[in-house]
$ cat work.cif   # mmCIF, C-alpha atoms
data_protein
loop_
_atom_site.label_atom_id
_atom_site.label_comp_id
_atom_site.auth_asym_id
_atom_site.auth_seq_id
_atom_site.Cartn_x
_atom_site.Cartn_y
_atom_site.Cartn_z
CA MET I 1 -183.23 59.71 -30.77
CA VAL I 2 -184.96 62.96 -31.90
CA PHE I 3 -187.63 62.67 -34.61
CA ALA I 4 -188.50 65.54 -36.97
CA LEU I 5 -192.16 66.40 -37.20
CA THR I 6 -193.89 64.84 -40.20
CA GLU I 7 -196.40 66.76 -42.30
CA LEU I 8 -199.26 64.85 -40.67
CA GLY I 9 -197.80 65.35 -37.20
CA SER I 10 -197.28 69.08 -37.83
CA ARG I 11 -200.85 69.53 -39.00
CA LEU I 12 -202.27 67.72 -35.97
CA ARG I 13 -200.05 69.69 -33.59
CA MET I 14 -201.04 73.03 -35.19
CA ALA I 15 -204.73 72.14 -34.87
CA ARG I 16 -204.20 71.23 -31.20
CA GLU I 17 -202.33 74.44 -30.43
CA GLU I 18 -204.92 76.56 -32.26
CA LYS I 19 -207.58 75.17 -29.94
CA GLY I 20 -205.35 75.80 -26.92
CA ILE I 21 -205.29 72.10 -25.94
CA SER I 22 -202.25 70.78 -24.09
CA LEU I 23 -200.95 67.23 -24.43
CA GLU I 24 -202.17 66.48 -20.89
CA GLN I 25 -205.68 67.69 -21.76
CA LEU I 26 -205.66 65.72 -25.01
CA GLN I 27 -204.60 62.60 -23.08
CA SER I 28 -207.60 63.02 -20.76
CA MET I 29 -209.96 63.57 -23.72
CA THR I 30 -208.83 60.58 -25.82
CA LYS I 31 -207.60 58.20 -23.06
CA ILE I 32 -204.38 57.82 -25.14
CA GLN I 33 -201.11 58.01 -23.20
CA LYS I 34 -199.08 61.20 -23.69
CA LYS I 35 -196.07 59.34 -25.09
CA TYR I 36 -198.23 57.93 -27.92
CA LEU I 37 -199.59 61.41 -28.71
CA ILE I 38 -196.03 62.73 -28.95
CA GLY I 39 -195.15 59.73 -31.16
CA ILE I 40 -197.99 60.63 -33.55
CA GLU I 41 -196.80 64.24 -33.81
CA GLU I 42 -193.21 63.09 -34.44
CA GLY I 43 -194.21 60.27 -36.79
CA ASN I 44 -192.59 57.74 -34.44
CA TYR I 45 -195.07 54.85 -34.81
CA ASP I 46 -192.58 52.26 -33.53
CA ILE I 47 -193.42 53.11 -29.91
CA MET I 48 -197.08 52.13 -30.36
CA PRO I 49 -198.22 48.92 -28.58
CA GLY I 50 -198.93 47.51 -32.04
CA LYS I 51 -198.87 48.96 -35.55
CA PHE I 52 -202.61 48.46 -35.92
CA TYR I 53 -203.12 51.01 -33.08
CA ALA I 54 -201.46 53.84 -35.03
CA ARG I 55 -204.43 54.41 -37.33
CA ALA I 56 -206.94 54.22 -34.45
CA PHE I 57 -204.94 56.69 -32.32
CA ILE I 58 -204.56 59.13 -35.25
CA LYS I 59 -208.34 58.97 -35.82
CA GLN I 60 -209.06 59.83 -32.16
CA TYR I 61 -206.46 62.63 -32.17
CA ALA I 62 -207.99 64.17 -35.32
CA GLU I 63 -211.55 64.00 -33.98
CA ALA I 64 -210.48 65.61 -30.69
CA VAL I 65 -208.93 68.65 -32.47
CA GLY I 66 -211.78 69.00 -34.98
CA LEU I 67 -210.17 67.50 -38.11
CA SER I 68 -211.70 64.92 -40.46
CA PRO I 69 -209.90 61.55 -40.07
CA GLU I 70 -210.97 60.34 -43.53
CA GLU I 71 -209.46 63.40 -45.25
CA LEU I 72 -206.21 63.01 -43.28
CA PHE I 73 -205.98 59.28 -44.14
CA GLU I 74 -206.44 60.07 -47.83
CA GLU I 75 -204.05 63.06 -47.91
CA TYR I 76 -201.26 61.48 -45.84
CA ARG I 77 -201.68 57.88 -46.97
CA SER I 78 -197.93 57.44 -47.49
CA GLU I 79 -197.12 58.43 -43.87
CA ILE I 80 -199.68 56.25 -42.07
CA PRO I 81 -198.70 52.57 -41.50
CA ALA I 82 -200.69 50.17 -43.65
CA ALA I 83 -200.24 47.26 -41.22
CA TYR I 84 -203.59 48.01 -39.57
CA GLU I 85 -205.77 46.81 -42.46
CA GLU I 86 -203.57 43.77 -43.14
CA ASP I 87 -203.65 42.73 -39.49
CA LEU I 88 -207.44 43.15 -39.29
CA THR I 89 -207.90 41.07 -42.45
CA GLU I 90 -205.72 38.34 -40.97
CA GLN I 91 -207.69 38.44 -37.70
CA LEU I 92 -211.05 38.19 -39.48
CA SER I 93 -209.74 35.24 -41.49
CA ARG I 94 -208.62 33.55 -38.27
CA VAL I 95 -212.08 34.04 -36.69
CA GLN I 96 -213.75 32.49 -39.74
CA SER I 97 -211.39 29.51 -39.70
CA ARG I 98 -212.27 28.83 -36.04
CA SER I 99 -215.92 28.39 -36.93
CA SER I 100 -215.21 25.72 -39.56
CA MET I 101 -215.06 22.13 -38.38
CA PRO I 102 -211.85 20.15 -39.05
CA ALA I 103 -212.02 17.49 -41.76
CA SER I 104 -211.11 14.77 -39.25
CA ALA I 105 -214.17 15.65 -37.16
CA ASN I 106 -216.46 15.45 -40.19
CA LYS I 107 -215.01 12.05 -41.10
CA LEU I 108 -215.61 10.77 -37.57
CA LEU I 109 -219.25 11.92 -37.62
CA LYS I 110 -219.73 10.17 -40.95
CA TYR I 111 -218.76 6.76 -39.55
CA LEU I 112 -220.21 7.24 -36.04
CA PRO I 113 -223.58 5.50 -36.78
CA LYS I 114 -221.77 2.45 -38.21
CA ILE I 115 -219.51 2.24 -35.16
CA ILE I 116 -222.47 2.39 -32.76
CA ALA I 117 -224.36 -0.29 -34.74
CA THR I 118 -221.32 -2.59 -34.67
CA VAL I 119 -220.95 -2.19 -30.88
CA VAL I 120 -224.65 -3.01 -30.36
CA VAL I 121 -224.43 -6.16 -32.53
CA VAL I 122 -221.31 -7.42 -30.73
CA ALA I 123 -222.90 -6.83 -27.31
CA THR I 124 -226.08 -8.69 -28.35
CA LEU I 125 -224.10 -11.70 -29.64
CA PHE I 126 -222.12 -11.84 -26.39
CA LEU I 127 -225.30 -11.89 -24.27
CA ILE I 128 -226.81 -14.69 -26.41
CA TRP I 129 -223.61 -16.76 -26.18
CA ASN I 130 -223.46 -16.26 -22.40
CA PHE I 131 -227.10 -17.37 -21.98
CA PHE I 132 -226.67 -20.62 -23.97
CA THR I 133 -223.41 -21.44 -22.16
CA LYS I 134 -225.13 -21.29 -18.77
CA SER I 135 -228.06 -23.39 -20.05
CA ILE I 136 -225.73 -26.15 -21.34
CA ASN I 137 -223.77 -26.31 -18.06
CA THR I 138 -227.00 -26.70 -16.06
CA ALA I 139 -228.27 -29.55 -18.30
CA ASP I 140 -224.99 -31.49 -18.04
CA GLN I 141 -224.92 -31.49 -14.21
CA PRO I 142 -224.71 -35.16 -12.80
CA GLU I 143 -227.79 -36.67 -11.08
CA GLY I 144 -225.77 -37.46 -7.97
CA ASN I 145 -225.15 -33.79 -7.37
CA LYS I 146 -228.88 -33.04 -7.63
CA GLU I 147 -229.69 -35.68 -4.98
CA ASP I 148 -227.00 -34.32 -2.66
CA GLN I 149 -228.52 -30.87 -3.03
CA ALA I 150 -231.96 -32.20 -2.03
CA VAL I 151 -230.51 -33.95 1.05
CA ASP I 152 -228.74 -30.74 2.07
CA ILE I 153 -232.00 -28.87 1.88
CA GLU I 154 -233.87 -31.42 4.01
CA GLU I 155 -231.18 -31.47 6.68
CA SER I 156 -231.25 -27.69 7.01
CA ASP I 157 -234.92 -27.56 8.05
CA ASP I 158 -234.02 -26.93 11.74
CA ILE I 159 -235.59 -23.78 13.11
CA THR I 160 -233.34 -21.47 15.06
CA PRO I 161 -234.98 -20.51 18.37
CA PRO I 162 -235.73 -16.81 18.79
CA GLU I 163 -233.36 -14.73 20.87
CA GLN I 164 -234.42 -13.83 24.37
CA PRO I 165 -235.58 -10.23 24.76
CA ALA I 166 -233.07 -7.90 26.33
CA ASN I 167 -233.65 -6.71 29.90
CA LYS I 168 -235.02 -3.26 30.72
CA GLU I 169 -231.60 -1.68 31.36
CA ASP I 170 -230.29 -2.75 27.95
CA LYS I 171 -233.41 -1.37 26.30
CA GLU I 172 -232.95 2.01 27.99
CA LYS I 173 -229.29 2.18 26.91
CA GLY I 174 -230.21 1.25 23.36
CA SER I 175 -233.03 3.80 23.35
CA GLY I 176 -230.72 6.57 24.58
CA LYS I 177 -228.14 5.71 21.92
CA ASP I 178 -230.79 5.70 19.22
CA ASN I 179 -232.11 9.09 20.37
CA LYS I 180 -228.59 10.53 20.30
CA GLU I 181 -228.00 9.19 16.78
CA ASP I 182 -231.39 10.54 15.66
CA GLY I 183 -230.50 13.97 17.05
CA GLN I 184 -227.13 13.93 15.28
CA ASN I 185 -228.76 12.88 12.01
CA LYS I 186 -231.32 15.65 12.38
CA GLU I 187 -228.56 18.25 12.88
CA ASP I 188 -226.66 16.93 9.85
CA LYS I 189 -229.82 17.17 7.72
CA GLU I 190 -230.45 20.76 8.88
CA ASP I 191 -226.82 21.74 8.08
CA LYS I 192 -227.13 20.21 4.61
CA LYS I 193 -230.44 22.00 4.07
CA ASP I 194 -228.96 25.37 5.12
CA LYS I 195 -225.97 24.81 2.83
CA LYS I 196 -228.25 23.87 -0.08
CA ASP I 197 -230.47 26.93 0.53
CA LYS I 198 -227.38 29.14 0.46
CA GLU I 199 -226.15 27.57 -2.80
CA ASP I 200 -229.62 27.94 -4.33
CA LYS I 201 -229.66 31.59 -3.28
CA ASP I 202 -226.24 32.21 -4.91
CA ASN I 203 -227.32 30.42 -8.07
CA ASN I 204 -230.59 32.34 -8.25
CA SER I 205 -228.70 35.59 -7.78
CA SER I 206 -226.45 34.76 -10.75
CA GLU I 207 -229.36 33.66 -12.90
CA THR I 208 -231.53 36.73 -12.23
CA GLN I 209 -228.87 39.41 -12.81
CA SER I 210 -229.46 41.64 -15.82
CA ILE I 211 -226.89 43.28 -18.12
CA THR I 212 -228.50 45.60 -20.65
CA ALA I 213 -227.10 48.07 -23.18
CA GLU I 214 -228.41 51.53 -22.27
CA GLY I 215 -227.10 53.34 -25.37
CA VAL I 216 -224.15 54.61 -27.40
CA SER I 217 -222.79 58.15 -27.06
CA GLY I 218 -219.91 58.92 -29.39
CA SER I 219 -217.36 56.15 -28.92
CA VAL I 220 -218.73 55.12 -25.48
CA THR I 221 -221.23 52.25 -25.06
CA THR I 222 -223.04 52.24 -21.69
CA TYR I 223 -224.30 49.03 -20.05
CA LYS I 224 -226.35 48.65 -16.86
CA LEU I 225 -225.85 45.81 -14.35
CA SER I 226 -228.92 45.32 -12.13
CA LYS I 227 -230.53 42.68 -9.88
CA ALA I 228 -227.06 41.58 -8.72
CA GLU I 229 -225.59 41.54 -5.21
CA LYS I 230 -221.99 41.79 -6.43
CA PHE I 231 -219.96 43.33 -9.25
CA GLU I 232 -216.97 41.17 -10.20
CA LEU I 233 -215.20 42.24 -13.39
CA LYS I 234 -212.79 40.15 -15.48
CA VAL I 235 -211.08 41.38 -18.67
CA SER I 236 -208.97 38.95 -20.70
CA ALA I 237 -207.35 38.48 -24.08
CA THR I 238 -208.40 35.63 -26.34
CA THR I 239 -206.21 32.52 -26.26
CA THR I 240 -204.37 33.47 -29.47
CA GLY I 241 -204.73 37.26 -29.54
CA GLU I 242 -203.38 40.38 -27.89
CA THR I 243 -204.98 43.70 -26.89
CA TRP I 244 -204.22 46.93 -25.06
CA VAL I 245 -206.61 47.48 -22.12
CA SER I 246 -207.32 50.28 -19.65
CA ILE I 247 -209.59 49.67 -16.60
CA ARG I 248 -210.81 52.40 -14.21
CA ASP I 249 -213.25 52.28 -11.28
CA GLY I 250 -216.11 54.64 -10.38
CA SER I 251 -213.73 57.11 -8.71
CA ASN I 252 -211.69 57.34 -11.98
CA GLN I 253 -208.78 55.45 -10.40
CA THR I 254 -206.77 53.37 -12.88
CA LEU I 255 -206.82 49.70 -11.85
CA PHE I 256 -204.88 48.36 -14.85
CA GLN I 257 -203.39 49.70 -18.07
CA GLY I 258 -201.27 47.67 -20.44
CA MET I 259 -201.12 44.75 -22.87
CA LEU I 260 -202.88 41.38 -22.43
CA LYS I 261 -202.15 38.44 -24.70
CA ASN I 262 -202.67 34.69 -25.13
CA GLY I 263 -205.43 34.31 -22.52
CA GLU I 264 -203.95 36.67 -19.90
CA SER I 265 -206.59 38.38 -17.72
CA GLN I 266 -207.18 40.95 -14.99
CA SER I 267 -209.96 40.53 -12.35
CA PHE I 268 -211.39 43.05 -9.87
CA ASP I 269 -214.16 43.07 -7.23
CA LEU I 270 -216.07 46.33 -7.79
CA THR I 271 -219.07 45.54 -5.56
CA GLU I 272 -218.50 48.76 -3.59
CA GLN I 273 -218.30 50.84 -6.81
CA THR I 274 -221.16 52.31 -8.84
CA GLN I 275 -219.53 51.95 -12.24
CA ALA I 276 -216.45 50.84 -14.18
CA TYR I 277 -214.81 52.11 -17.38
CA ILE I 278 -212.96 49.81 -19.80
CA VAL I 279 -211.04 50.81 -22.94
CA ALA I 280 -210.48 47.84 -25.29
CA GLY I 281 -207.82 48.75 -27.84
CA ARG I 282 -208.65 45.68 -29.92
CA ALA I 283 -212.20 44.57 -29.14
CA LEU I 284 -211.97 41.48 -31.36
CA ASP I 285 -209.33 40.03 -28.99
CA THR I 286 -210.85 41.41 -25.76
CA GLU I 287 -213.36 39.43 -23.64
CA ILE I 288 -215.24 41.10 -20.76
CA TYR I 289 -217.00 39.06 -18.04
CA VAL I 290 -219.38 40.45 -15.40
CA ASN I 291 -220.05 38.04 -12.50
CA GLY I 292 -218.98 35.19 -14.80
CA GLU I 293 -221.33 36.24 -17.64
CA LYS I 294 -219.66 37.26 -20.92
CA LEU I 295 -220.54 40.78 -22.10
CA GLU I 296 -221.76 40.94 -25.70
CA TYR I 297 -220.54 44.02 -27.60
CA GLU I 298 -223.35 46.31 -28.74
CA ASN I 299 -221.10 47.55 -31.56
CA SER I 300 -219.55 44.94 -33.85
CA PRO I 301 -215.86 44.41 -32.89
CA GLU I 302 -215.06 43.78 -36.56
CA GLN I 303 -216.30 47.28 -37.48
CA HIS I 304 -215.24 49.10 -34.30
CA VAL I 305 -211.73 47.95 -33.40
CA LYS I 306 -211.32 50.19 -30.35
CA GLN I 307 -214.27 50.39 -27.96
CA ASP I 308 -214.95 52.34 -24.76
CA ILE I 309 -217.23 50.43 -22.36
CA GLN I 310 -218.97 51.95 -19.32
CA ILE I 311 -220.78 49.60 -16.91
CA GLN I 312 -223.15 51.15 -14.35
CA PHE I 313 -223.87 49.01 -11.27
CA GLU I 314 -227.22 49.10 -9.50
CA LYS I 315 -227.00 46.76 -6.50
CA GLY I 316 -229.95 44.38 -6.07
CA GLU I 317 -231.99 44.03 -2.86
#

$ encode --input "work.cif" --output "structure tokens"
Amino acid sequence: MVFALTELGSRLRMAREEKGISLEQLQSMTKIQKKYLIGIEEGNYDIMPGKFYARAFIKQYAEAVGLSPEELFEEYRSEIPAAYEEDLTEQLSRVQSRSSMPASANKLLKYLPKIIATVVVVATLFLIWNFFTKSINTADQPEGNKEDQAVDIEESDDITPPEQPANKEDKEKGSGKDNKEDGQNKEDKEDKKDKKDKEDKDNNSSETQSITAEGVSGSVTTYKLSKAEKFELKVSATTTGETWVSIRDGSNQTLFQGMLKNGESQSFDLTEQTQAYIVAGRALDTEIYVNGEKLEYENSPEQHVKQDIQIQFEKGE
């Protein structure tokens, strides 16, 4: 199907051609795939990964060719999909609803003290009843039984003669066996100690790592990972959301590019790299973990839907 250029698409294309920028160069500048750039020029927003991306992609396109996004949004309001704002409003409402506690949980907390008090009272009454029951059974025991018990005690006063000491050969065998067992136990303790020291070292390494925000330049936020022996990166979508993600390593090689949704994730070991670059098309539904620690966005994901994240890795000693 061939699409005719829209007024907005024509204006963006003219601005690009006036600056002598090709679609391939614009793709490198904005990190937006070429097919989406062509879709913007043709007004074919159906090929976008989601309608809410159309407005964000148009904004990046306009900024790259030197046009004002706000003026374009106002002038060509009828051409630009309005689903972006509606979807963001729905997402913000969903985030707020997660923070509120269900009514059933509040009702349970209300009655929790009464339930605990009832359990304590019942347990106390059971202990009292058990104590008196044992006391009554002891008092009702027949006298004849008591006398029999006394006789049994008197008849069991015989002293068992001590065992004869083992001969010298038996002692030497026993001593050798004990020494062998002691040596084995000592080795086991040393192995456990080495294993524990290694675990403590790994834990300390995780606890002492530092992830700091170095600054914001344009649309790129730079973070620095230091005091860490490894660089393991995990990017995932929230359990009920979806997002478009691009991940590149320090040599600018693309590791992953595509959609993640409903808790899907991508993980990479970048210990041998010096940095990583992540593009989160929908930051509100994108979670980034570095060595198991969740990265906190420097820019609010509610205000900045698309975010470019650069993580610099400085390997610890």

$ atom_distance --input "work.cif" --atom1 "CA of Lys224 (chain I)" --atom2 "CA of Val245 (chain I)"
20.5 Å

$ resolve_selection --input "work.cif" --expression "the PyMOL selection byres ((chain I and resi 286-302) around 6)" --output "list in words"
Glu232, Leu233, Lys234, Val235, Ser236, Ala237, Ala283, Leu284, Asp285, Gln303, His304 and Val305 of chain I

$ residues_around --input "work.cif" --residues "Leu225 (chain I)" --least-positions-apart "6" --cutoff "10 Å" --atoms "only C-alpha atoms" --output "ChimeraX atom specification"
/I:209-213,231,274-275,290-291,311-316

$ resolve_selection --input "work.cif" --expression "the PyMOL selection byres ((chain I and resi 64) around 9)" --output "PyMOL selection string"
chain I and resi 16+26+29-30+59-63+65-67

$ residues_around --input "work.cif" --residues "Gly39 (chain I)" --least-positions-apart "6" --cutoff "9 Å" --atoms "only C-alpha atoms" --output "list in words"
Phe3, Gly9, Tyr45, Asp46, Ile47 and Met48 of chain I

$ closest_residue --input "work.cif" --among "I:Glu24, I:Glu264, I:Glu71, I:Asp308" --to "Ile278 (chain I)" --atoms "all atoms listed in the file"
I:Asp308

$ resolve_selection --input "work.cif" --expression "the PyMOL selection byres ((chain I and resi 54) around 10)" --output "list in words"
Tyr36, Gly39, Ile40, Gly43, Asn44, Tyr45, Asp46, Ile47, Met48, Pro49, Gly50, Lys51, Phe52, Tyr53, Arg55, Ala56, Phe57, Ile58, Lys59, Ile80, Pro81, Ala82, Ala83 and Tyr84 of chain I

$ atom_distance --input "work.cif" --atom1 "CA of Gln273 (chain I)" --atom2 "CA of Gly250 (chain I)"
5.7 Å

$ closest_residue --input "work.cif" --among "I:Thr271, I:Tyr277, I:Gln307, I:Asn137" --to "Trp244 (chain I)" --atoms "only C-alpha atoms"
I:Gln307

$ atom_distance --input "work.cif" --atom1 "CA of Gly263 (chain I)" --atom2 "CA of Gly241 (chain I)"
7.6 Å

$ axis_aligned_box --input "work.cif" --around "region 108-114 of chain I" --padding-each-side "6 Å" --output "AutoDock Vina command-line options"
--center_x -219.6 --center_y 7.2 --center_z -38.5 --size_x 20.0 --size_y 21.5 --size_z 16.9
